[in-house]
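Have a look at the structure below before the remarks.
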Amino acid sequence: MIPVLTAEEMRRADRRTIEEVGLPGAVLMENAGAAVARVVEERFPAARQVVVLCGRGNNGGDGFVVTRRLGSRALGLLLGRREAVQGDALVHLHACERSGGRVLEAATEAAWADLLPRVGAADLLVDAVLGTGLSSEPAGLAALAIAELRGRYAAGVPVVAVDLPSGLSADAGVCDWPAAKATVTVTFAAPKRCHVLPPACDSVGELVLADIGIPTSSLAAGGPSLFLLEDKDAAAAFPGRRPGAHKGDFGHLLVVAGSLGKSGAAVLCAGGALRSGAGLVTVATPEPCLPLVAPARPEAMTEPLPATAAGGLAESALSRLEALARDRDAVVLGPGLGQDPQTRALVRRFVASCPVPLVVDADGLNALAARGAEPDALTALRRSAPTVLTPHPGEMARLVGRSIREVQAARPELATALARDTGAVVVLKGERTLVADADGRAAVAAVGNPGMATGGTGDVLSGVVGALVGHHGALLAATAGVVVHGRAGDLAAAQRGQEGMTAVDVIEALPAAVEAVRRAAGGAASAR
């Protein structure tokens, strides 16, 4: 996993590198600017008129290095007066001008207006206006520059951001004011929170992580709590199979799912489990659903359970469910169960008594959220066996008693809080699905696409995690499930297009996604 830092954690890593390693700040700034210039040269070789918009701080100092290194095709515009530039940034402003680089001063709004034709004539803009130190809404020249950057980006002009698009808060996914947008963002040493959390990450474009000399030990010393998942973090859950393996080696999953009108959720969950490696799957579903579920997934076994008059699971199914669970390696509970009062009561009792690893999804989660005079049922999740919760933002809001807006504004904080409160691993679904554990750490998966915003893809994910949790524990199962599920979605979108893909397409892409994760992580392909 790659650590994702706050602005303060990054400042401390800089300081440790300067004071303990002995690399001066001016050297780090040179390395940062050189990395950005290299990206411009490699990604945009046809750009002949480059304008570098430079603030007065360290981000602007990086911009002066970019201007110097790009030579005659670059023009730097300083937003402010030269005498306001200090420290390492001043060193590089002088170095740029003494080596023949061009830096023009836009010290007032009138001067900025006079220089706008030069910005308009550029075929590439470098955004070095504001960096990680921003704490309030940009004003003055910075706000004018951000507006111009946004306009030129919208007109199709490439924008390369230095560290982060100007106007974003380094520490948050939510931005309360207009920020710049970038085609490519070059960040240094480690991603920042705005690079990986939505909706801010949508403004970043392609994220390039540049090594500027800050050791990994300096990054880790700050104890980061947010990480970016890599393929190798998932590959451990998919080791190669030995030639003599049999189906019993790969786990028997019990899927408790479905109700009349929602039997497809059970089918999709079972399909996700089977396509991601489960050796055996049994679907326990209300008896009226059996004729629909059994032929839809012939590889799965089925178990009819007592039903309510409305076609949901009756509370009298509890003893049979408990017996089934004792003979299985793991259970997925919730897809398509509905919210019949008997079903809600059954879920609450079964969660507390289930003796094996448990994945709770969809209506299983809704049944655990307090409603009316019902007591809070989250205490049922304080189990000795591993537990994974897989809420989407609406389900998460019901579980923690917040609005969806509040959930989306504080995804890592609320997910880790729920994980600490319950001891479960929490998978908060949505754009940049997040995995949080009870130790207070969270990890983001930069995989998946809007084509997965279609009915049933969450049921598939719960099946994938269920297939893994019995053998690999809650955290690895959740991590690997999220990565492989997202990769399968990307493969399905590439084949079908985002508008036309369905949850079944994601299921069918899972085997290729597993192999892609293995290859990217340097692992061996499975035996055939």
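For the structure tokens, the naming scheme is as follows: chains receive sequential letters (A, B, ...) according to their order of presentation, residues are indexed from 1 within each chain, and ligands are indexed from 1 in presentation order.
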Distance query Ala84 (chain A) at most 12 Å, only C-alpha atoms, self and fewer than 4 positions along chain excluded, as a PyMOL selection string: chain A and resi 55-58+60+78-80+89-90+93+105+107
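Backbone DSSP over region 384-422 of chain A yields strand (DSSP E or B) at Thr387, Val388, Leu389 and Thr390 of chain A.
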Generate the output file for the selected residues, N, CA and C atoms, as a short mmCIF file (atom, residue, chain, number, x, y, z; two decimals), in the first residue's frame.
```
data_model
loop_
_atom_site.label_atom_id
_atom_site.label_comp_id
_atom_site.auth_asym_id
_atom_site.auth_seq_id
_atom_site.Cartn_x
_atom_site.Cartn_y
_atom_site.Cartn_z
N THR A 387 -15.61 -10.28 10.57
CA THR A 387 -16.81 -9.69 10.00
C THR A 387 -16.41 -8.61 9.00
N VAL A 388 -17.10 -8.57 7.87
CA VAL A 388 -16.93 -7.51 6.88
C VAL A 388 -18.29 -6.89 6.60
N LEU A 389 -18.37 -5.57 6.66
CA LEU A 389 -19.58 -4.82 6.31
C LEU A 389 -19.34 -4.12 4.98
N THR A 390 -20.32 -4.17 4.07
CA THR A 390 -20.09 -3.59 2.73
C THR A 390 -21.20 -2.59 2.38
#
```
Residue contacts of region 340-355 of chain A (7 Å, only C-alpha atoms) excluding same-chain residues fewer than 6 positions away, as a PyMOL selection string: chain A and resi 312-315+318+322+325-326+364+367-368+377+380-381+383+385
Taking N, CA and C atoms for each residue, export the selection above as an mmCIF file, in the first residue's frame.
```cif
data_model
loop_
_atom_site.group_PDB
_atom_site.id
_atom_site.type_symbol
_atom_site.label_atom_id
_atom_site.label_comp_id
_atom_site.auth_asym_id
_atom_site.auth_seq_id
_atom_site.Cartn_x
_atom_site.Cartn_y
_atom_site.Cartn_z
ATOM 1 N N GLY A 312 -40.413 -13.099 2.030
ATOM 2 C CA GLY A 312 -39.112 -12.880 2.647
ATOM 3 C C GLY A 312 -38.781 -14.015 3.600
ATOM 4 N N LEU A 313 -37.594 -13.951 4.203
ATOM 5 C CA LEU A 313 -37.204 -14.985 5.163
ATOM 6 C C LEU A 313 -37.990 -14.836 6.457
ATOM 7 N N ALA A 314 -38.549 -15.945 6.908
ATOM 8 C CA ALA A 314 -39.282 -15.942 8.170
ATOM 9 C C ALA A 314 -38.317 -16.094 9.341
ATOM 10 N N GLU A 315 -38.705 -15.536 10.498
ATOM 11 C CA GLU A 315 -37.838 -15.624 11.677
ATOM 12 C C GLU A 315 -37.635 -17.072 12.112
ATOM 13 N N LEU A 318 -34.266 -19.339 11.632
ATOM 14 C CA LEU A 318 -33.014 -19.113 12.351
ATOM 15 C C LEU A 318 -32.276 -20.410 12.666
ATOM 16 N N GLU A 322 -28.516 -21.391 11.335
ATOM 17 C CA GLU A 322 -27.391 -21.615 12.245
ATOM 18 C C GLU A 322 -26.747 -22.972 11.984
ATOM 19 N N ALA A 325 -24.724 -22.709 8.738
ATOM 20 C CA ALA A 325 -23.503 -21.922 8.911
ATOM 21 C C ALA A 325 -22.414 -22.725 9.597
ATOM 22 N N ARG A 326 -22.780 -23.573 10.541
ATOM 23 C CA ARG A 326 -21.758 -24.340 11.272
ATOM 24 C C ARG A 326 -20.957 -25.248 10.345
ATOM 25 N N GLY A 364 -29.129 -6.849 4.822
ATOM 26 C CA GLY A 364 -28.553 -7.262 6.099
ATOM 27 C C GLY A 364 -28.103 -6.055 6.900
ATOM 28 N N ALA A 367 -31.126 -3.986 8.145
ATOM 29 C CA ALA A 367 -31.762 -4.591 9.310
ATOM 30 C C ALA A 367 -31.020 -4.270 10.599
ATOM 31 N N LEU A 368 -29.733 -3.939 10.495
ATOM 32 C CA LEU A 368 -28.942 -3.618 11.680
ATOM 33 C C LEU A 368 -29.034 -2.145 12.070
ATOM 34 N N ALA A 377 -28.799 -2.211 16.776
ATOM 35 C CA ALA A 377 -28.376 -3.614 16.650
ATOM 36 C C ALA A 377 -26.899 -3.754 16.306
ATOM 37 N N ALA A 380 -24.624 -6.363 17.863
ATOM 38 C CA ALA A 380 -24.559 -7.742 17.380
ATOM 39 C C ALA A 380 -23.304 -8.003 16.566
ATOM 40 N N LEU A 381 -22.680 -6.942 16.067
ATOM 41 C CA LEU A 381 -21.502 -7.102 15.221
ATOM 42 C C LEU A 381 -20.216 -7.275 16.026
ATOM 43 N N ARG A 383 -18.430 -9.469 17.302
ATOM 44 C CA ARG A 383 -18.343 -10.922 17.253
ATOM 45 C C ARG A 383 -16.894 -11.370 17.394
ATOM 46 N N ALA A 385 -15.739 -14.017 15.529
ATOM 47 C CA ALA A 385 -15.335 -14.411 14.176
ATOM 48 C C ALA A 385 -15.200 -13.164 13.291
#
```
Contacts of Gly458 (chain A) within 9 Å, only C-alpha atoms, excl. fewer than 4 positions in-chain, as a PyMOL selection string: chain A and resi 269+335+361-362+390-392+429+452+454+462-463+503
If you keep N, CA and C atoms, can you produce a file of those selected residues as a compact mmCIF listing (two decimals), in the first residue's frame?
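What follows is the written file selection_37.txt:
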```txt
# COMPACT_ATOMS: atom_id res chain seq x y z
N CYS A 269 -24.74 -12.70 -6.27
CA CYS A 269 -23.78 -12.91 -5.19
C CYS A 269 -23.08 -14.26 -5.35
N PRO A 335 -27.98 -9.75 0.58
CA PRO A 335 -28.42 -9.29 -0.74
C PRO A 335 -29.87 -9.67 -1.04
N ASP A 361 -24.21 -7.40 3.92
CA ASP A 361 -24.41 -6.47 2.81
C ASP A 361 -25.88 -6.09 2.72
N ALA A 362 -26.15 -4.99 2.03
CA ALA A 362 -27.48 -4.62 1.56
C ALA A 362 -28.53 -4.68 2.68
N THR A 390 -20.32 -4.17 4.07
CA THR A 390 -20.09 -3.59 2.73
C THR A 390 -21.20 -2.59 2.38
N PRO A 391 -21.31 -1.49 3.11
CA PRO A 391 -22.39 -0.53 2.83
C PRO A 391 -22.09 0.38 1.65
N HIS A 392 -23.14 0.78 0.92
CA HIS A 392 -23.01 1.93 0.03
C HIS A 392 -23.33 3.17 0.87
N LYS A 429 -18.59 1.53 -0.11
CA LYS A 429 -18.60 1.46 -1.57
C LYS A 429 -18.84 2.84 -2.19
N MET A 452 -20.19 0.84 -13.39
CA MET A 452 -20.56 -0.09 -12.33
C MET A 452 -21.72 0.43 -11.48
N THR A 454 -24.80 0.33 -11.52
CA THR A 454 -25.95 -0.39 -12.05
C THR A 454 -26.33 -1.49 -11.08
N SER A 462 -20.06 -8.54 -2.72
CA SER A 462 -20.20 -9.31 -1.47
C SER A 462 -19.88 -10.78 -1.70
N GLY A 463 -20.20 -11.31 -2.90
CA GLY A 463 -19.84 -12.69 -3.21
C GLY A 463 -18.35 -12.88 -3.32
N ALA A 503 -24.13 -6.11 -14.15
CA ALA A 503 -23.45 -6.85 -13.09
C ALA A 503 -22.95 -8.21 -13.59
```
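Restricting the calculation to only C-alpha atoms, the smallest distance between His252 (chain A) and any of A:Leu324, A:Ala317, A:Leu476, A:Val267 is found for A:Leu324.
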Polymer residues at most 8 Å from Asp62 (chain A), only C-alpha atoms, same-chain spacing of 2 or more positions, as a PyMOL selection string: chain A and resi 29-30+32-33+58-60+64-66+89+92+128+162
File dump, residues just selected, N, CA, C and O atoms, as a PDB file, in the first residue's frame:
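Writing the result to selection-v3.pdb gives the following:
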```pdb
ATOM      1  N   MET A  29      13.288  21.057  -4.062  1.00  0.00           N
ATOM      2  CA  MET A  29      12.521  21.874  -5.008  1.00  0.00           C
ATOM      3  C   MET A  29      13.027  21.676  -6.426  1.00  0.00           C
ATOM      4  O   MET A  29      12.233  21.584  -7.373  1.00  0.00           O
ATOM      5  N   GLU A  30      14.329  21.584  -6.598  1.00  0.00           N
ATOM      6  CA  GLU A  30      14.893  21.321  -7.923  1.00  0.00           C
ATOM      7  C   GLU A  30      14.413  19.971  -8.448  1.00  0.00           C
ATOM      8  O   GLU A  30      14.012  19.844  -9.614  1.00  0.00           O
ATOM      9  N   ALA A  32      11.709  18.391  -7.623  1.00  0.00           N
ATOM     10  CA  ALA A  32      10.272  18.458  -7.900  1.00  0.00           C
ATOM     11  C   ALA A  32      10.009  19.140  -9.244  1.00  0.00           C
ATOM     12  O   ALA A  32       9.248  18.627 -10.082  1.00  0.00           O
ATOM     13  N   GLY A  33      10.617  20.278  -9.453  1.00  0.00           N
ATOM     14  CA  GLY A  33      10.414  20.984 -10.720  1.00  0.00           C
ATOM     15  C   GLY A  33      10.925  20.196 -11.907  1.00  0.00           C
ATOM     16  O   GLY A  33      10.305  20.197 -12.982  1.00  0.00           O
ATOM     17  N   ASN A  58       6.268  28.021  -2.168  1.00  0.00           N
ATOM     18  CA  ASN A  58       7.077  26.906  -2.638  1.00  0.00           C
ATOM     19  C   ASN A  58       6.533  26.282  -3.921  1.00  0.00           C
ATOM     20  O   ASN A  58       7.295  25.782  -4.746  1.00  0.00           O
ATOM     21  N   ASN A  59       5.216  26.283  -4.091  1.00  0.00           N
ATOM     22  CA  ASN A  59       4.657  25.760  -5.333  1.00  0.00           C
ATOM     23  C   ASN A  59       5.137  26.599  -6.514  1.00  0.00           C
ATOM     24  O   ASN A  59       5.495  26.063  -7.566  1.00  0.00           O
ATOM     25  N   GLY A  60       5.196  27.911  -6.312  1.00  0.00           N
ATOM     26  CA  GLY A  60       5.745  28.776  -7.347  1.00  0.00           C
ATOM     27  C   GLY A  60       7.219  28.525  -7.571  1.00  0.00           C
ATOM     28  O   GLY A  60       7.709  28.599  -8.710  1.00  0.00           O
ATOM     29  N   PHE A  64       9.249  27.864 -11.043  1.00  0.00           N
ATOM     30  CA  PHE A  64      10.441  28.517 -11.605  1.00  0.00           C
ATOM     31  C   PHE A  64      11.422  27.477 -12.152  1.00  0.00           C
ATOM     32  O   PHE A  64      12.065  27.689 -13.189  1.00  0.00           O
ATOM     33  N   VAL A  65      11.537  26.346 -11.443  1.00  0.00           N
ATOM     34  CA  VAL A  65      12.396  25.264 -11.934  1.00  0.00           C
ATOM     35  C   VAL A  65      11.850  24.726 -13.256  1.00  0.00           C
ATOM     36  O   VAL A  65      12.612  24.487 -14.202  1.00  0.00           O
ATOM     37  N   VAL A  66      10.547  24.536 -13.332  1.00  0.00           N
ATOM     38  CA  VAL A  66       9.932  24.058 -14.578  1.00  0.00           C
ATOM     39  C   VAL A  66      10.232  25.028 -15.715  1.00  0.00           C
ATOM     40  O   VAL A  66      10.623  24.617 -16.821  1.00  0.00           O
ATOM     41  N   ALA A  89      12.237  29.332  -2.889  1.00  0.00           N
ATOM     42  CA  ALA A  89      11.580  29.802  -4.111  1.00  0.00           C
ATOM     43  C   ALA A  89      12.356  30.967  -4.724  1.00  0.00           C
ATOM     44  O   ALA A  89      12.506  31.055  -5.959  1.00  0.00           O
ATOM     45  N   HIS A  92      15.395  29.797  -6.668  1.00  0.00           N
ATOM     46  CA  HIS A  92      15.110  29.270  -7.997  1.00  0.00           C
ATOM     47  C   HIS A  92      14.553  30.322  -8.952  1.00  0.00           C
ATOM     48  O   HIS A  92      14.716  30.179 -10.163  1.00  0.00           O
ATOM     49  N   ALA A 128       1.261  26.135 -11.096  1.00  0.00           N
ATOM     50  CA  ALA A 128       2.124  26.161  -9.910  1.00  0.00           C
ATOM     51  C   ALA A 128       1.724  27.339  -9.030  1.00  0.00           C
ATOM     52  O   ALA A 128       2.562  28.032  -8.468  1.00  0.00           O
ATOM     53  N   VAL A 162       1.204  21.168 -10.531  1.00  0.00           N
ATOM     54  CA  VAL A 162       2.355  20.905  -9.674  1.00  0.00           C
ATOM     55  C   VAL A 162       1.853  20.557  -8.279  1.00  0.00           C
ATOM     56  O   VAL A 162       1.270  21.408  -7.589  1.00  0.00           O
TER      57      VAL A 162
END
```
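Comparing the minimum interatomic distances between Thr282 (chain A) and each of A:Ala467, A:Ala139, A:Val447, A:Cys201, counting only C-alpha atoms, we find that A:Ala467 sits nearest.
Shortest separation to Thr185 (chain A) among A:Gly258, A:Pro165, A:Pro412, A:Pro511 occurs at residue A:Pro165, atoms counted being only C-alpha atoms.
Pairwise distance (CA of Asp211 (chain A), CA of Gly100 (chain A)) equals 27.0 Å.
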Output as JSON lines one row per residue of region 270-316 of chain A within 12 Å of region 485-498 of chain A: the closest atom pair and its distance in Å to one decimal place, counting only C-alpha atoms, sorted by chain and residue number ascending.
```
{"residue": "A:Gly272", "atom": "CA", "partner": "A:His485", "partner_atom": "CA", "distance": 8.8}
{"residue": "A:Ala273", "atom": "CA", "partner": "A:His485", "partner_atom": "CA", "distance": 11.0}
{"residue": "A:Arg275", "atom": "CA", "partner": "A:His485", "partner_atom": "CA", "distance": 10.7}
{"residue": "A:Ser276", "atom": "CA", "partner": "A:His485", "partner_atom": "CA", "distance": 9.2}
```
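Distances here use only C-alpha atoms; by that measure, the residue among A:Phe44, A:Gly101, A:His94, A:Phe227 closest to Arg69 (chain A) is A:Gly101.
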Mind dumping a table of every region 376-475 of chain A residue within 10 Å of region 261-265 of chain A, with the nearest atom pair and its distance in Å to one decimal, using only C-alpha atoms, sorted by chain and rising number, as CSV?
```
residue,atom,partner,partner_atom,distance
A:Gly455,CA,A:Ala265,CA,9.0
A:Gly456,CA,A:Ala265,CA,6.3
A:Thr457,CA,A:Ala265,CA,9.3
A:Gly458,CA,A:Ala265,CA,9.1
A:Asp459,CA,A:Ala265,CA,5.9
A:Val460,CA,A:Ala265,CA,8.3
```
Restricting it to N, CA, C and O atoms, dump the selection as a compact mmCIF listing (two decimals), in the first residue's frame.
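That gives us out_23.txt:
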```txt
# COMPACT_ATOMS: atom_id res chain seq x y z
N GLY A 455 -27.60 -1.87 -11.08
CA GLY A 455 -28.10 -2.80 -10.09
C GLY A 455 -27.34 -4.12 -10.08
O GLY A 455 -27.11 -4.72 -11.12
N GLY A 456 -26.98 -4.57 -8.90
CA GLY A 456 -26.38 -5.89 -8.73
C GLY A 456 -24.89 -5.93 -8.57
O GLY A 456 -24.35 -6.95 -8.13
N THR A 457 -24.16 -4.84 -8.91
CA THR A 457 -22.70 -4.91 -8.79
C THR A 457 -22.26 -5.03 -7.34
O THR A 457 -21.25 -5.66 -7.04
N GLY A 458 -23.02 -4.45 -6.41
CA GLY A 458 -22.69 -4.61 -5.00
C GLY A 458 -22.90 -6.04 -4.52
O GLY A 458 -22.14 -6.54 -3.69
N ASP A 459 -23.93 -6.72 -5.06
CA ASP A 459 -24.15 -8.12 -4.72
C ASP A 459 -22.97 -8.97 -5.19
O ASP A 459 -22.54 -9.90 -4.50
N VAL A 460 -22.42 -8.63 -6.36
CA VAL A 460 -21.26 -9.35 -6.87
C VAL A 460 -20.08 -9.17 -5.92
O VAL A 460 -19.37 -10.13 -5.58
```
Å distance separating CA of Leu399 (chain A) from CA of Val4 (chain A), one decimal place: 26.7 Å
Option closest in space to Thr132 (chain A), from A:Ala446, A:Leu274, A:Leu168, A:Ala34 [counting only C-alpha atoms]: A:Leu168
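Straight-line separation from CA of Glu413 (chain A) to CA of Leu428 (chain A): 11.1 Å.
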List the neighbours of region 303-311 of chain A out to 7 Å using only C-alpha atoms; skip same-chain residues closer than 2 positions along the sequence, and give me the result as a PDB file with all heavy atoms, in the first residue's frame.
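Okay, this is what ended up in part05.pdb:
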```pdb
ATOM      1  N   SER A 259     -35.441 -12.570  -1.923  1.00  0.00           N
ATOM      2  CA  SER A 259     -36.847 -12.525  -1.519  1.00  0.00           C
ATOM      3  C   SER A 259     -37.638 -12.375  -2.805  1.00  0.00           C
ATOM      4  O   SER A 259     -37.059 -12.119  -3.875  1.00  0.00           O
ATOM      5  CB  SER A 259     -37.117 -11.348  -0.567  1.00  0.00           C
ATOM      6  OG  SER A 259     -36.777 -10.121  -1.177  1.00  0.00           O
ATOM      7  N   LEU A 260     -38.938 -12.551  -2.741  1.00  0.00           N
ATOM      8  CA  LEU A 260     -39.715 -12.419  -3.977  1.00  0.00           C
ATOM      9  C   LEU A 260     -39.527 -11.027  -4.571  1.00  0.00           C
ATOM     10  O   LEU A 260     -39.677 -10.009  -3.886  1.00  0.00           O
ATOM     11  CB  LEU A 260     -41.201 -12.662  -3.681  1.00  0.00           C
ATOM     12  CG  LEU A 260     -41.650 -14.126  -3.643  1.00  0.00           C
ATOM     13  CD1 LEU A 260     -43.142 -14.212  -3.391  1.00  0.00           C
ATOM     14  CD2 LEU A 260     -41.278 -14.853  -4.941  1.00  0.00           C
ATOM     15  N   THR A 282     -23.444 -22.571  -1.456  1.00  0.00           N
ATOM     16  CA  THR A 282     -24.834 -22.922  -1.200  1.00  0.00           C
ATOM     17  C   THR A 282     -25.628 -21.642  -1.013  1.00  0.00           C
ATOM     18  O   THR A 282     -25.232 -20.777  -0.212  1.00  0.00           O
ATOM     19  CB  THR A 282     -24.977 -23.794   0.058  1.00  0.00           C
ATOM     20  OG1 THR A 282     -24.351 -25.058  -0.167  1.00  0.00           O
ATOM     21  CG2 THR A 282     -26.446 -24.028   0.396  1.00  0.00           C
ATOM     22  N   VAL A 283     -26.717 -21.504  -1.742  1.00  0.00           N
ATOM     23  CA  VAL A 283     -27.596 -20.346  -1.603  1.00  0.00           C
ATOM     24  C   VAL A 283     -28.804 -20.759  -0.767  1.00  0.00           C
ATOM     25  O   VAL A 283     -29.570 -21.637  -1.163  1.00  0.00           O
ATOM     26  CB  VAL A 283     -28.063 -19.819  -2.971  1.00  0.00           C
ATOM     27  CG1 VAL A 283     -29.004 -18.624  -2.778  1.00  0.00           C
ATOM     28  CG2 VAL A 283     -26.869 -19.417  -3.827  1.00  0.00           C
ATOM     29  N   ALA A 284     -28.946 -20.128   0.395  1.00  0.00           N
ATOM     30  CA  ALA A 284     -30.118 -20.325   1.243  1.00  0.00           C
ATOM     31  C   ALA A 284     -31.078 -19.176   0.982  1.00  0.00           C
ATOM     32  O   ALA A 284     -30.724 -18.008   1.198  1.00  0.00           O
ATOM     33  CB  ALA A 284     -29.717 -20.370   2.714  1.00  0.00           C
ATOM     34  N   THR A 285     -32.276 -19.484   0.534  1.00  0.00           N
ATOM     35  CA  THR A 285     -33.192 -18.454   0.066  1.00  0.00           C
ATOM     36  C   THR A 285     -34.620 -18.837   0.433  1.00  0.00           C
ATOM     37  O   THR A 285     -34.912 -20.030   0.657  1.00  0.00           O
ATOM     38  CB  THR A 285     -33.032 -18.284  -1.467  1.00  0.00           C
ATOM     39  OG1 THR A 285     -33.672 -17.087  -1.894  1.00  0.00           O
ATOM     40  CG2 THR A 285     -33.577 -19.476  -2.234  1.00  0.00           C
ATOM     41  N   PRO A 286     -35.540 -17.895   0.549  1.00  0.00           N
ATOM     42  CA  PRO A 286     -36.930 -18.254   0.844  1.00  0.00           C
ATOM     43  C   PRO A 286     -37.464 -19.263  -0.175  1.00  0.00           C
ATOM     44  O   PRO A 286     -37.170 -19.174  -1.363  1.00  0.00           O
ATOM     45  CB  PRO A 286     -37.665 -16.915   0.748  1.00  0.00           C
ATOM     46  CG  PRO A 286     -36.629 -15.888   1.042  1.00  0.00           C
ATOM     47  CD  PRO A 286     -35.358 -16.430   0.463  1.00  0.00           C
ATOM     48  N   GLU A 287     -38.240 -20.202   0.294  1.00  0.00           N
ATOM     49  CA  GLU A 287     -38.704 -21.303  -0.560  1.00  0.00           C
ATOM     50  C   GLU A 287     -39.360 -20.832  -1.857  1.00  0.00           C
ATOM     51  O   GLU A 287     -39.106 -21.429  -2.915  1.00  0.00           O
ATOM     52  CB  GLU A 287     -39.651 -22.202   0.230  1.00  0.00           C
ATOM     53  CG  GLU A 287     -40.016 -23.474  -0.514  1.00  0.00           C
ATOM     54  CD  GLU A 287     -40.746 -24.456   0.363  1.00  0.00           C
ATOM     55  OE1 GLU A 287     -41.063 -24.113   1.525  1.00  0.00           O
ATOM     56  OE2 GLU A 287     -40.995 -25.592  -0.092  1.00  0.00           O
ATOM     57  N   PRO A 288     -40.171 -19.760  -1.875  1.00  0.00           N
ATOM     58  CA  PRO A 288     -40.776 -19.332  -3.135  1.00  0.00           C
ATOM     59  C   PRO A 288     -39.765 -18.863  -4.180  1.00  0.00           C
ATOM     60  O   PRO A 288     -40.082 -18.815  -5.373  1.00  0.00           O
ATOM     61  CB  PRO A 288     -41.698 -18.182  -2.723  1.00  0.00           C
ATOM     62  CG  PRO A 288     -41.956 -18.389  -1.278  1.00  0.00           C
ATOM     63  CD  PRO A 288     -40.706 -18.988  -0.732  1.00  0.00           C
ATOM     64  N   LEU A 290     -36.836 -20.360  -4.743  1.00  0.00           N
ATOM     65  CA  LEU A 290     -35.991 -21.469  -5.193  1.00  0.00           C
ATOM     66  C   LEU A 290     -36.137 -21.763  -6.689  1.00  0.00           C
ATOM     67  O   LEU A 290     -35.123 -21.971  -7.376  1.00  0.00           O
ATOM     68  CB  LEU A 290     -36.289 -22.713  -4.364  1.00  0.00           C
ATOM     69  CG  LEU A 290     -35.220 -23.818  -4.428  1.00  0.00           C
ATOM     70  CD1 LEU A 290     -33.920 -23.331  -3.813  1.00  0.00           C
ATOM     71  CD2 LEU A 290     -35.712 -25.057  -3.677  1.00  0.00           C
ATOM     72  N   LEU A 313     -37.594 -13.951   4.203  1.00  0.00           N
ATOM     73  CA  LEU A 313     -37.204 -14.985   5.163  1.00  0.00           C
ATOM     74  C   LEU A 313     -37.990 -14.836   6.457  1.00  0.00           C
ATOM     75  O   LEU A 313     -38.054 -13.749   7.038  1.00  0.00           O
ATOM     76  CB  LEU A 313     -35.705 -14.901   5.467  1.00  0.00           C
ATOM     77  CG  LEU A 313     -34.745 -15.555   4.480  1.00  0.00           C
ATOM     78  CD1 LEU A 313     -33.314 -15.392   4.974  1.00  0.00           C
ATOM     79  CD2 LEU A 313     -35.078 -17.028   4.292  1.00  0.00           C
ATOM     80  N   ALA A 314     -38.549 -15.945   6.908  1.00  0.00           N
ATOM     81  CA  ALA A 314     -39.282 -15.942   8.170  1.00  0.00           C
ATOM     82  C   ALA A 314     -38.317 -16.094   9.341  1.00  0.00           C
ATOM     83  O   ALA A 314     -37.249 -16.705   9.222  1.00  0.00           O
ATOM     84  CB  ALA A 314     -40.303 -17.074   8.186  1.00  0.00           C
ATOM     85  N   SER A 316     -38.562 -17.951  11.741  1.00  0.00           N
ATOM     86  CA  SER A 316     -38.440 -19.365  12.104  1.00  0.00           C
ATOM     87  C   SER A 316     -37.309 -20.075  11.364  1.00  0.00           C
ATOM     88  O   SER A 316     -36.976 -21.218  11.684  1.00  0.00           O
ATOM     89  CB  SER A 316     -39.761 -20.091  11.810  1.00  0.00           C
ATOM     90  OG  SER A 316     -40.089 -20.014  10.426  1.00  0.00           O
ATOM     91  N   ALA A 317     -36.680 -19.396  10.376  1.00  0.00           N
ATOM     92  CA  ALA A 317     -35.555 -19.996   9.650  1.00  0.00           C
ATOM     93  C   ALA A 317     -34.259 -19.972  10.445  1.00  0.00           C
ATOM     94  O   ALA A 317     -33.251 -20.544  10.004  1.00  0.00           O
ATOM     95  CB  ALA A 317     -35.343 -19.260   8.320  1.00  0.00           C
TER      96      ALA A 317
END
```
